[in-house]
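The file final.txt contains compact mmCIF, C-alpha atoms (C1' of nucleotides):
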# COMPACT_ATOMS: atom_id res chain seq x y z
CA MET A 13 -16.18 188.09 -42.49
CA PHE A 14 -18.42 185.16 -41.62
CA ARG A 15 -15.48 182.74 -41.82
CA ASP A 16 -12.94 184.93 -39.99
CA CYS A 17 -15.22 185.94 -37.16
CA GLU A 18 -13.25 186.75 -34.01
CA VAL A 19 -16.03 187.43 -31.54
CA LYS A 20 -19.60 186.20 -31.63
CA ALA A 21 -22.54 187.08 -29.42
CA SER A 22 -26.00 185.75 -30.00
CA ASP A 23 -29.37 184.87 -28.61
CA ARG A 24 -32.50 183.33 -30.05
CA PHE A 25 -33.29 186.28 -32.36
CA ILE A 26 -30.01 188.14 -32.95
CA THR A 27 -26.44 187.17 -33.82
CA VAL A 28 -23.59 189.72 -33.73
CA LEU A 29 -20.28 188.95 -35.41
CA ALA A 30 -17.15 191.09 -35.01
CA VAL A 31 -13.73 191.36 -36.68
CA SER A 32 -11.08 193.97 -35.84
CA ASN A 33 -10.25 196.47 -38.56
CA GLN A 34 -7.52 199.00 -39.34
CA LEU A 35 -9.79 202.02 -38.98
CA HIS A 36 -10.06 203.85 -35.70
CA HIS A 37 -13.82 203.48 -35.43
CA PRO A 38 -16.35 200.64 -35.69
CA CYS A 39 -18.27 199.74 -38.86
CA LEU A 40 -21.75 198.24 -38.92
CA GLY A 41 -23.43 195.89 -41.35
CA THR A 42 -26.90 194.48 -41.02
CA ALA A 43 -28.38 191.33 -42.47
CA VAL A 44 -32.10 191.07 -41.84
CA SER A 45 -34.14 189.20 -44.41
CA VAL A 46 -37.80 189.72 -45.11
CA LYS A 47 -38.18 186.01 -44.47
CA ASN A 48 -36.88 186.36 -40.91
CA ALA A 49 -38.57 189.69 -40.16
CA GLY A 50 -42.01 188.85 -41.51
CA ASN A 51 -42.50 191.68 -43.97
CA ALA A 52 -40.71 194.74 -45.34
CA VAL A 53 -42.08 197.08 -42.69
CA GLN A 54 -40.81 194.91 -39.83
CA ARG A 55 -37.47 194.45 -41.61
CA ASN A 56 -36.94 198.20 -41.90
CA ARG A 57 -37.95 198.73 -38.28
CA ILE A 58 -35.42 196.13 -37.07
CA LYS A 59 -32.65 197.71 -39.13
CA ARG A 60 -33.46 201.19 -37.80
CA VAL A 61 -33.31 199.99 -34.23
CA ILE A 62 -30.02 198.22 -34.87
CA ARG A 63 -28.54 201.38 -36.37
CA GLU A 64 -29.81 203.53 -33.54
CA SER A 65 -28.40 201.20 -30.92
CA PHE A 66 -25.08 201.11 -32.75
CA ARG A 67 -25.01 204.92 -32.93
CA LEU A 68 -25.55 205.21 -29.20
CA ASN A 69 -22.83 202.64 -28.38
CA GLN A 70 -20.23 203.17 -31.06
CA ASP A 71 -17.78 204.95 -28.76
CA ASN A 72 -17.44 201.78 -26.70
CA LEU A 73 -16.86 199.38 -29.59
CA GLY A 74 -13.32 200.22 -30.67
CA SER A 75 -11.97 199.30 -34.12
CA LEU A 76 -14.33 196.53 -35.14
CA ASP A 77 -16.29 195.52 -38.19
CA LEU A 78 -19.64 194.31 -36.92
CA VAL A 79 -22.42 192.37 -38.60
CA VAL A 80 -25.80 192.04 -36.95
CA LEU A 81 -27.88 189.14 -38.23
CA GLY A 82 -31.59 188.88 -37.70
CA ARG A 83 -32.76 185.33 -36.99
CA PRO A 84 -36.20 183.83 -37.65
CA GLY A 85 -38.93 185.42 -35.55
CA ILE A 86 -37.14 188.71 -34.94
CA GLY A 87 -40.08 190.59 -36.42
CA SER A 88 -42.13 189.75 -33.35
CA ARG A 89 -39.68 191.48 -30.95
CA SER A 90 -40.43 194.97 -29.70
CA ASN A 91 -37.99 197.85 -30.04
CA ARG A 92 -37.32 197.72 -26.29
CA GLN A 93 -36.47 194.02 -26.43
CA ILE A 94 -34.05 194.53 -29.32
CA PHE A 95 -32.34 197.47 -27.64
CA SER A 96 -31.81 195.51 -24.46
CA ALA A 97 -30.53 192.42 -26.29
CA LEU A 98 -28.10 194.51 -28.34
CA ASP A 99 -26.84 196.27 -25.18
CA THR A 100 -25.87 192.86 -23.82
CA HIS A 101 -24.13 191.88 -27.04
CA TRP A 102 -22.26 195.18 -27.33
CA ARG A 103 -20.93 194.79 -23.79
CA LYS A 104 -19.71 191.25 -24.45
CA ILE A 105 -17.98 192.25 -27.69
CA ALA A 106 -16.42 195.37 -26.18
CA ALA A 107 -15.01 193.28 -23.31
CA HIS A 108 -13.41 190.85 -25.77
CA ALA A 109 -12.02 193.70 -27.83
CA HIS A 110 -10.41 195.27 -24.80
CA THR A 111 -8.81 192.02 -23.64
CA ASP A 112 -7.50 191.53 -27.18
CA THR A 113 -5.82 194.92 -27.18
CA HIS A 114 -4.34 194.15 -23.76
CA THR A 115 -2.82 190.88 -24.92
CA ASP A 116 -1.28 192.57 -27.97
C1' G B 12 -85.31 206.06 -35.37
C1' A B 13 -84.07 201.00 -37.61
C1' A B 14 -82.30 198.28 -41.78
C1' G B 15 -79.95 199.04 -46.35
C1' C B 16 -77.80 201.11 -51.23
C1' C B 17 -74.34 204.47 -53.72
C1' G B 18 -70.30 208.06 -53.88
C1' G B 19 -66.20 210.59 -51.49
C1' C B 20 -62.57 211.37 -47.48
C1' C B 21 -59.27 210.40 -43.04
C1' G B 22 -55.66 206.51 -41.57
C1' G B 23 -53.55 208.85 -33.89
C1' A B 24 -52.39 214.29 -32.09
C1' C B 25 -48.88 217.64 -29.64
C1' A B 26 -44.11 218.88 -27.25
C1' G B 27 -38.83 218.18 -25.90
C1' C B 28 -34.00 215.82 -26.65
C1' C B 29 -30.80 212.80 -29.94
C1' G B 30 -30.06 210.99 -35.20
C1' C B 31 -30.30 209.82 -41.04
C1' U B 32 -30.78 211.98 -45.87
C1' G B 33 -32.10 215.47 -50.59
C1' U B 34 -31.86 220.72 -51.88
C1' G B 35 -30.33 225.97 -51.11
C1' G B 36 -27.08 229.41 -48.56
C1' C B 37 -22.72 230.55 -45.51
C1' C B 38 -17.91 229.39 -43.48
C1' U B 39 -11.27 230.22 -47.82
C1' U B 40 -13.62 224.15 -47.00
C1' U B 41 -12.52 217.76 -47.12
C1' G B 42 -16.40 218.76 -42.29
C1' G B 43 -19.61 221.98 -39.72
C1' C B 44 -23.65 225.73 -39.12
C1' C B 45 -28.48 227.80 -40.70
C1' A B 46 -33.04 227.23 -43.52
C1' U B 47 -36.22 223.84 -45.75
C1' G B 48 -38.27 218.97 -47.82
C1' G B 49 -38.57 213.67 -46.68
C1' A B 50 -43.43 206.78 -47.97
C1' G B 51 -49.05 204.83 -49.31
C1' G B 52 -54.27 204.46 -50.23
C1' A B 53 -53.06 200.63 -51.32
C1' A B 54 -46.02 202.27 -51.85
C1' A B 55 -48.43 195.43 -52.20
C1' G B 56 -49.73 191.38 -56.04
C1' U B 57 -46.91 192.21 -60.84
C1' C B 58 -52.53 190.93 -63.83
C1' C B 59 -53.22 194.57 -68.13
C1' G B 60 -52.03 199.42 -70.82
C1' G B 61 -48.70 203.53 -72.11
C1' G B 62 -44.24 206.75 -71.83
C1' C B 63 -38.82 206.28 -71.89
C1' U B 64 -34.24 203.43 -73.56
C1' C B 65 -31.63 200.03 -76.57
C1' C B 66 -32.04 196.20 -80.34
C1' A B 67 -34.62 194.66 -84.71
C1' C B 68 -37.53 196.54 -88.80
C1' A B 69 -37.52 196.29 -97.90
C1' G B 70 -41.35 193.01 -98.19
C1' G B 71 -44.39 188.52 -98.04
C1' G B 72 -46.52 184.03 -95.92
C1' C B 73 -47.78 180.74 -91.80
C1' A B 74 -48.28 180.36 -86.76
C1' G B 75 -49.16 182.41 -81.64
C1' G B 76 -51.59 185.64 -78.05
C1' G B 77 -55.42 189.05 -76.61
C1' U B 78 -60.22 191.48 -76.90
C1' G B 79 -65.64 190.32 -77.99
C1' C B 80 -73.70 194.02 -77.26
C1' C B 81 -73.41 199.61 -78.94
C1' A B 82 -71.51 204.61 -78.55
C1' G B 83 -68.13 207.78 -76.24
C1' G B 84 -63.58 209.11 -73.06
C1' U B 85 -58.24 208.41 -73.12
C1' A B 86 -51.38 208.44 -74.66
C1' A B 87 -53.38 203.50 -74.29
C1' C B 88 -56.04 199.47 -72.01
C1' G B 89 -58.65 193.67 -70.49
C1' C B 90 -60.00 200.50 -67.57
C1' C B 91 -63.86 204.30 -67.05
C1' U B 92 -68.65 206.80 -68.50
C1' G B 93 -73.43 206.66 -70.83
C1' G B 94 -76.96 203.55 -73.35
C1' G B 95 -79.26 198.59 -74.83
C1' A B 96 -80.54 193.39 -73.71
C1' G B 97 -81.03 189.43 -70.02
C1' G B 98 -81.20 188.18 -64.72
C1' C B 99 -81.79 189.38 -59.16
C1' G B 100 -84.07 192.65 -55.39
C1' U B 101 -90.48 195.53 -52.37
C1' G B 102 -86.91 199.47 -53.49
C1' A B 103 -82.40 202.72 -53.75
C1' G B 104 -79.62 199.67 -56.77
C1' C B 105 -76.62 195.32 -58.16
C1' C B 106 -74.74 191.30 -61.53
C1' U B 107 -73.44 189.49 -66.71
C1' A B 108 -66.88 185.84 -70.91
C1' C B 109 -73.39 189.64 -73.63
C1' G B 110 -70.50 188.02 -81.59
C1' G B 111 -71.54 183.24 -84.52
C1' A B 112 -74.45 176.50 -83.24
C1' A B 113 -78.88 176.41 -91.30
C1' A B 114 -69.42 176.51 -92.54
C1' G B 115 -67.35 172.06 -90.56
C1' U B 116 -65.51 168.60 -86.57
C1' G B 117 -65.99 166.81 -81.56
C1' C B 118 -68.59 165.90 -76.84
C1' C B 119 -73.42 165.15 -74.07
C1' G B 120 -72.26 160.59 -67.47
C1' C B 121 -76.83 158.11 -65.03
C1' A B 122 -81.77 157.32 -66.35
C1' G B 123 -84.58 156.62 -70.73
C1' A B 124 -87.66 153.55 -76.45
C1' A B 125 -84.76 157.43 -78.32
C1' A B 126 -79.55 162.55 -76.72
C1' A B 127 -79.91 164.00 -82.88
C1' U B 128 -79.68 161.54 -90.87
C1' A B 129 -84.11 161.11 -84.83
C1' U B 130 -87.07 157.46 -82.71
C1' A B 131 -91.64 154.58 -80.36
C1' C B 132 -91.25 151.47 -74.05
C1' C B 133 -96.17 151.79 -71.62
C1' G B 134 -100.16 153.63 -74.36
C1' C B 135 -104.27 155.56 -77.86
C1' C B 136 -106.92 154.12 -82.64
C1' U B 137 -108.90 150.08 -86.03
C1' A B 138 -111.74 154.67 -90.62
C1' A B 139 -109.51 152.22 -95.42
C1' G B 140 -107.28 146.95 -97.04
C1' C B 141 -106.75 141.43 -95.94
C1' G B 142 -107.91 136.86 -93.05
C1' C B 143 -110.97 134.32 -89.29
C1' U B 144 -115.66 134.60 -86.80
C1' A B 145 -119.39 131.67 -82.10
C1' C B 146 -121.26 138.28 -85.42
C1' G B 147 -119.56 140.30 -79.28
C1' G B 148 -115.06 140.78 -81.78
C1' C B 149 -109.87 138.80 -82.71
C1' G B 150 -105.44 138.80 -85.72
C1' C B 151 -102.47 140.89 -89.75
C1' C B 152 -101.16 145.18 -92.45
C1' G B 153 -100.93 149.74 -90.35
C1' G B 154 -101.98 155.01 -88.23
C1' U B 155 -100.47 158.31 -84.10
C1' A B 156 -97.27 161.07 -80.55
C1' A B 157 -102.59 163.69 -77.25
C1' G B 158 -101.54 161.11 -72.20
C1' G B 159 -97.83 158.25 -68.83
C1' G B 160 -92.78 157.39 -67.61
C1' U B 161 -86.89 159.06 -67.81
C1' G B 162 -83.90 163.28 -67.81
C1' A B 163 -80.85 169.49 -66.81
C1' A B 164 -82.80 169.14 -71.77
C1' A B 165 -87.40 165.08 -75.88
C1' U B 166 -88.63 168.74 -82.60
C1' G B 167 -92.64 175.49 -79.91
C1' G B 168 -96.80 176.99 -75.49
C1' U B 169 -102.26 177.68 -74.18
C1' G B 170 -107.24 177.24 -75.94
C1' C B 171 -110.82 175.98 -79.70
C1' G B 172 -111.94 173.37 -84.06
C1' G B 173 -110.90 168.82 -86.32
C1' U B 174 -110.33 163.26 -86.34
C1' A B 175 -110.92 156.32 -86.14
C1' A B 176 -107.28 158.18 -82.77
C1' G B 177 -104.29 162.15 -83.50
C1' A B 178 -100.95 165.79 -85.36
C1' G B 179 -99.52 173.61 -86.98
C1' C B 180 -103.80 169.60 -90.02
C1' G B 181 -106.72 174.58 -89.53
C1' C B 182 -107.72 179.12 -86.51
C1' A B 183 -106.84 182.92 -82.30
C1' C B 184 -103.18 184.82 -78.89
C1' C B 185 -98.00 184.34 -77.31
C1' G B 186 -93.02 182.79 -78.95
C1' C B 187 -89.65 182.22 -83.34
C1' G B 188 -87.73 183.30 -88.53
C1' C B 189 -88.06 186.66 -92.72
C1' C B 190 -89.65 191.46 -94.99
C1' G B 191 -91.10 196.55 -94.51
C1' C B 192 -92.00 201.18 -91.89
C1' U B 193 -91.06 204.51 -87.67
C1' G B 194 -87.61 206.26 -83.62
C1' G B 195 -82.30 206.04 -82.52
C1' C B 196 -75.16 207.61 -84.68
C1' A B 197 -75.64 202.48 -83.07
C1' A B 198 -76.74 198.23 -79.96
C1' C B 199 -81.86 197.94 -79.98
C1' A B 200 -87.09 199.05 -79.44
C1' G B 201 -92.16 199.71 -81.28
C1' C B 202 -95.76 198.82 -85.13
C1' G B 203 -97.52 196.29 -89.55
C1' G B 204 -97.22 192.25 -92.89
C1' U B 205 -95.75 187.34 -93.88
C1' G B 206 -94.08 181.96 -93.20
C1' G B 207 -96.87 177.05 -90.36
C1' C B 208 -91.99 176.45 -87.63
C1' A B 209 -87.19 176.15 -90.54
C1' G B 210 -85.95 171.21 -86.63
C1' G B 211 -81.70 170.20 -78.80
C1' G B 212 -77.41 171.89 -75.82
C1' U B 213 -72.19 173.02 -75.57
C1' A B 214 -67.86 178.07 -78.69
C1' A B 215 -63.97 179.79 -70.23
C1' A B 216 -64.38 172.38 -76.88
C1' C B 217 -61.69 172.89 -81.56
C1' C B 218 -63.28 176.48 -84.74
C1' C B 219 -65.45 180.83 -87.85
C1' C B 220 -65.90 186.26 -88.02
C1' A B 221 -64.26 191.37 -86.62
C1' C B 222 -60.46 194.33 -84.38
C1' C B 223 -55.53 194.77 -81.89
C1' C B 224 -50.37 193.04 -80.95
C1' G B 225 -42.03 193.41 -83.16
C1' G B 226 -38.44 192.00 -78.81
C1' A B 227 -36.28 193.07 -74.24
C1' G B 228 -36.20 195.90 -69.99
C1' C B 229 -33.45 201.42 -65.69
C1' A B 230 -28.75 195.54 -63.73
C1' A B 231 -32.77 199.58 -70.03
C1' G B 232 -29.09 202.72 -71.77
C1' A B 233 -25.09 206.85 -72.12
C1' C B 234 -20.39 208.80 -70.52
C1' C B 235 -15.67 208.94 -67.60
C1' A B 236 -11.63 206.37 -65.23
C1' A B 237 -8.81 201.94 -64.43
C1' A B 238 -7.39 197.12 -66.08
C1' U B 239 -6.68 192.54 -69.07
C1' A B 240 -4.15 187.84 -72.53
C1' G B 241 -7.37 187.84 -78.34
C1' G B 242 -4.10 181.42 -73.47
C1' G B 243 -4.99 175.82 -73.89
C1' G B 244 -8.20 171.76 -75.59
C1' A B 245 -12.41 169.59 -78.34
C1' A B 246 -16.34 169.63 -82.09
C1' C B 247 -18.54 171.45 -86.58
C1' A B 248 -17.54 174.18 -90.97
C1' U B 249 -21.05 176.89 -96.96
C1' U B 250 -26.42 171.34 -97.69
C1' G B 251 -22.93 175.61 -92.04
C1' G B 252 -23.03 179.34 -88.19
C1' C B 253 -24.45 184.17 -86.54
C1' G B 254 -27.55 188.83 -86.73
C1' U B 255 -32.88 186.59 -85.33
C1' G B 256 -36.03 188.16 -80.34
C1' G B 257 -42.12 182.03 -82.65
C1' C B 258 -41.22 179.69 -87.75
C1' C B 259 -40.33 179.87 -93.22
C1' C B 260 -38.90 182.55 -97.67
C1' G B 261 -35.93 186.71 -98.07
C1' C B 262 -31.90 190.27 -96.54
C1' G B 263 -27.01 191.20 -94.19
C1' U B 264 -22.47 189.11 -92.34
C1' C B 265 -18.10 185.29 -91.92
C1' G B 266 -15.49 181.43 -88.92
C1' U B 267 -18.78 179.63 -85.03
C1' U B 268 -19.90 176.82 -80.60
C1' C B 269 -18.57 174.26 -76.11
C1' C B 270 -15.10 173.05 -72.04
C1' C B 271 -10.73 174.40 -68.86
C1' G B 272 -8.01 178.52 -66.88
C1' G B 273 -7.90 183.97 -65.83
C1' G B 274 -10.25 188.95 -65.01
C1' U B 275 -14.17 192.88 -63.92
C1' A B 276 -18.94 195.17 -61.98
C1' G B 277 -15.53 202.32 -59.13
C1' G B 278 -17.88 207.07 -60.31
C1' U B 279 -21.32 210.50 -62.99
C1' C B 280 -25.81 210.86 -65.75
C1' G B 281 -30.53 208.42 -66.60
C1' C B 282 -33.45 210.26 -61.53
C1' U B 283 -37.65 212.93 -60.95
C1' C B 284 -41.40 219.38 -63.55
C1' G B 285 -44.94 215.24 -64.52
C1' A B 286 -50.43 212.44 -69.86
C1' G B 287 -48.38 216.68 -62.27
C1' G B 288 -51.45 218.81 -57.92
C1' U B 289 -55.00 222.62 -56.27
C1' G B 290 -58.64 226.76 -57.02
C1' C B 291 -61.92 229.19 -60.46
C1' A B 292 -64.58 229.62 -65.18
C1' C B 293 -66.66 227.31 -69.50
C1' G B 294 -68.42 222.83 -72.58
C1' G B 295 -70.55 217.85 -71.71
C1' U B 296 -76.12 213.55 -68.83
C1' G B 297 -71.23 211.62 -67.56
C1' A B 298 -66.22 209.59 -68.01
C1' C B 299 -63.59 213.75 -69.50
C1' G B 300 -61.91 218.11 -72.12
C1' U B 301 -60.48 223.44 -72.71
C1' G B 302 -58.82 228.06 -70.63
C1' U B 303 -56.67 230.67 -66.64
C1' A B 304 -54.28 231.52 -61.89
C1' U B 305 -51.18 229.31 -58.50
C1' C B 306 -47.84 225.53 -56.15
C1' C B 307 -43.03 222.47 -56.45
C1' C B 308 -44.76 217.88 -53.41
C1' A B 309 -39.22 211.60 -51.47
C1' G B 310 -35.21 210.48 -54.78
C1' A B 311 -32.09 206.51 -51.32
C1' U B 312 -28.14 202.94 -53.76
C1' G B 313 -25.12 197.88 -47.60
C1' A B 314 -30.37 201.35 -49.72
C1' A B 315 -32.45 207.66 -45.72
C1' U B 316 -37.61 209.15 -44.20
C1' G B 317 -36.10 207.24 -37.50
C1' G B 318 -35.20 206.47 -31.81
C1' C B 319 -36.28 207.76 -26.68
C1' U B 320 -39.32 210.40 -23.11
C1' G B 321 -43.82 212.96 -21.60
C1' U B 322 -49.15 214.44 -22.08
C1' C B 323 -54.05 213.40 -24.24
C1' C B 324 -57.85 210.27 -26.68
C1' A B 325 -62.00 206.92 -29.50
C1' C B 326 -55.40 203.16 -27.37
C1' G B 327 -54.02 203.11 -33.36
C1' A B 328 -55.58 198.23 -38.99
C1' C B 329 -53.32 196.69 -43.63
C1' A B 330 -48.71 197.81 -44.63
C1' G B 331 -42.31 200.53 -46.68
C1' A B 332 -41.12 204.24 -52.81
C1' A B 333 -36.45 201.82 -56.08
C1' C B 334 -37.36 204.75 -63.95
C1' C B 335 -42.26 207.13 -64.26
C1' C B 336 -47.51 207.32 -65.10
C1' G B 337 -53.04 205.19 -66.08
C1' G B 338 -55.98 201.05 -64.38
C1' C B 339 -57.42 196.33 -62.19
C1' U B 340 -57.14 192.97 -58.07
C1' U B 341 -56.17 191.81 -53.08
C1' A B 342 -55.37 193.42 -47.52
C1' C B 343 -57.28 196.96 -43.92
C1' A B 344 -58.62 198.70 -36.41
C1' G B 345 -61.63 202.52 -36.36
C1' G B 346 -63.96 207.04 -37.88
C1' C B 347 -66.19 211.27 -40.83
C1' C B 348 -69.23 213.64 -44.83
C1' G B 349 -72.98 213.78 -48.75
C1' G B 350 -77.07 211.70 -51.66
C1' C B 351 -80.90 208.03 -51.94
C1' U B 352 -84.38 203.62 -50.69
C1' U B 353 -87.68 200.64 -47.59
C1' C B 354 -90.16 200.10 -42.94
C1' A B 355 -92.07 202.19 -38.35
C1' A B 356 -93.67 206.38 -35.49
C1' C B 357 -95.04 211.58 -34.77
C1' U B 358 -97.06 216.28 -36.64
Mind turning this structure into structure tokens?
Amino acid sequence: MFRDCEVKASDRFITVLAVSNQLHHPCLGTAVSVKNAGNAVQRNRIKRVIRESFRLNQDNLGSLDLVVLGRPGIGSRSNRQIFSALDTHWRKIAAHAHTDTHTD
RNA sequence: GAAGCCGGCCGGACAGCCGCUGUGGCCUUUGGCCAUGGAGGAAAGUCCGGGCUCCACAGGGCAGGGUGCCAGGUAACGCCUGGGAGGCGUGAGCCUACGGAAAGUGCCGCAGAAAAUAUACCGCCUAAGCGCUACGGCGCCGGUAAGGGUGAAAUGGUGCGGUAAGAGCGCACCGCGCCGCUGGCAACAGCGGUGGCAGGGUAAACCCCACCCGGAGCAAGACCAAAUAGGGGAACAUUGGCGUGGCCCGCGUCGUUCCCGGGUAGGUCGCUCGAGGUGCACGGUGACGUGUAUCCCAGAUGAAUGGCUGUCCACGACAGAACCCGGCUUACAGGCCGGCUUCAACU
């Protein structure tokens, strides 16, 4: 997954990796360490927000396996900041996915 | 009212929309619908104790670790309660690693004469004995530890007697040791007698004494399904290896270990009804116990318990269950309740 990454979108606090799959819906994985989030409470909050954002956008993401990585300092970001950053990343990845399907 | 002590409790609220997940029911069913439950006082640190599970366990010895005033509570504890002793505070209260230093060993910097079989730096004394004498004394041989000085600590303290000067040398009081009596389950306390004092500190130094302790942990462990190959090389081999988990004897077992190569970790159970919560009654100073009524209160496993919006306020701290309990410790915005103490003022 990390080696075969097809599309990557990232900023200072979040990295999103994507690989196309054979299912007809997207799959989400999260990787947020306590070390990067600060403590367990912040880590769980980040993961919840990631899942919620994914749920709201999954119809636009096609057949992709996605991994969202939390980078150092992510625990200091607010929910609003994470939602808006993920919206940007989802759009970028969806655009790539669509061009891929067109070129097929 | 101010300052403070002790004990207990809370840890944003409400509404709408959209989600996740446990349980129950329905739909002739592979997903929906309805109902209902869904993080904490510390879930944390993983520092103790216990349950549970598997392994080990004839027995013995030696290690190792822990606890350390007494009594009680408890499944158990290094926890809690009550009491004692010592210390701190005007007080309510708080703190204590609080057994043994005449069993042995070690250590005690600097200063100081001396830091432990004691000793004598500055001093004090010159009674007895010896020598000299200018008859004032001086020296020798000695006596002493009162005073000074050093130190955290110097062989009990204060006073009187005593003396050449002094000294528990004698006496009184205090302290200490021993014996007895009284009270108390006990730690211990009080009283009486007796001994002239036994000879520093340190045991979170070794140690001694008393008591306690088998090992590993839910990735424990059980079951189901699927799958694979007992391949190659090297070393050792009964004075050996393994079971074995501190070591030895013992007991059981017979190939064992290492390297290279290859393979697996899917599901179900364990998994939440428990030393359980709450109310009442009774026993107990209390920790707690007993009886009774009532309630069911997270159970995930790429790991749920949430997101957005609005309104309000004192604008929200520390922080996320992972087999389960009992403690301890640490973190914590702000707020509430009860009891008590001291000071000030009023009546």
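Closest approach to chain A among B:G158, B:G84, B:G285, B:G30: B:G30, based on all atoms listed in the file.
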Quiz prompt | Neighbours of chain A in chain B at 7 Å, counting only C-alpha atoms (C1' of nucleotides), as a PyMOL selection string | solution = chain B and resi 313+317-318+330-331
Practice problem: May I have the residues within 12 Å of B:G97 as a VMD selection string, using all atoms listed in the file and disregarding those fewer than 2 positions away in the same chain? | Solution: chain B and resid 80 95 99 106 to 107 109
Practice problem: Report the distance between atom CA of A:Leu81 and atom CA of A:Asp23 in Å, rounded to one decimal place. | Solution: 10.6 Å
Practice problem: In Å, rounded to a single decimal, give me how far atom CA of A:Ser75 is from atom CA of A:Lys20. | Solution: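 The value is 15.4 Å.
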Self-check item: Shell around stretch 111-123 of chain B at 9 Å using only C-alpha atoms (C1' of nucleotides), local window under 3 positions removed, as a VMD selection string
Solution: chain B and resid 126 160 to 162 209 212 to 214 216 to 220
Store the residues of this selection in a file with C-alpha atoms (C1' of nucleotides), as a short mmCIF file (atom, residue, chain, number, x, y, z; two decimals), in the frame of the given file.
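The resulting file, selection.cif, is shown below:
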data_model
loop_
_atom_site.label_atom_id
_atom_site.label_comp_id
_atom_site.auth_asym_id
_atom_site.auth_seq_id
_atom_site.Cartn_x
_atom_site.Cartn_y
_atom_site.Cartn_z
"C1'" A B 126 -79.55 162.55 -76.72
"C1'" G B 160 -92.78 157.39 -67.61
"C1'" U B 161 -86.89 159.06 -67.81
"C1'" G B 162 -83.90 163.28 -67.81
"C1'" A B 209 -87.19 176.15 -90.54
"C1'" G B 212 -77.41 171.89 -75.82
"C1'" U B 213 -72.19 173.02 -75.57
"C1'" A B 214 -67.86 178.07 -78.69
"C1'" A B 216 -64.38 172.38 -76.88
"C1'" C B 217 -61.69 172.89 -81.56
"C1'" C B 218 -63.28 176.48 -84.74
"C1'" C B 219 -65.45 180.83 -87.85
"C1'" C B 220 -65.90 186.26 -88.02
#
If we count only C-alpha atoms (C1' of nucleotides) and set the cut-off at 9 Å, which residues sit around A:Asn72, ignoring sequence neighbours fewer than 5 positions away in its own chain? Please answer as a PDB file with C-alpha atoms, keeping the file's coordinate frame.
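Saved to part-v2.pdb:
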ATOM      1  CA  TRP A 102     -22.260 195.180 -27.330  1.00  0.00           C
ATOM      2  CA  ARG A 103     -20.930 194.790 -23.790  1.00  0.00           C
ATOM      3  CA  ALA A 106     -16.420 195.370 -26.180  1.00  0.00           C
TER       4      ALA A 106
END
Quiz item: Quick one: distance from atom C1' of B:G134 to atom C1' of B:C208 in Å, one decimal?
Solution: 27.6 Å
Quiz prompt | B:C253 surroundings by all atoms listed in the file, 10 Å radius, close-in-sequence under 3 positions cut, as a PyMOL selection string | solution = chain B and resi 264-267
Quiz item: Contacts of stretch 57-60 of chain B at 7 Å or less, counting all atoms listed in the file, minus same-chain residues fewer than 3 places along, as a ChimeraX atom specification?
Solution: /B:87-89
Practice problem: Choose the residue, out of A:Ser22, A:Ala49, A:Ile105, A:Val44, that has the smallest atom-to-atom separation from A:Leu78; count all atoms listed in the file. | Solution: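 Going through A:Ser22, A:Ala49, A:Ile105, A:Val44 one by one, the smallest distance to A:Leu78 is for A:Ile105.
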Practice problem: Give as a ChimeraX atom specification the set of residues within 10 Å of the point (-35.5, 197.5, -84.7), where distances use the file's coordinates and all atoms listed in the file. | Solution: /B:65-68,225-226
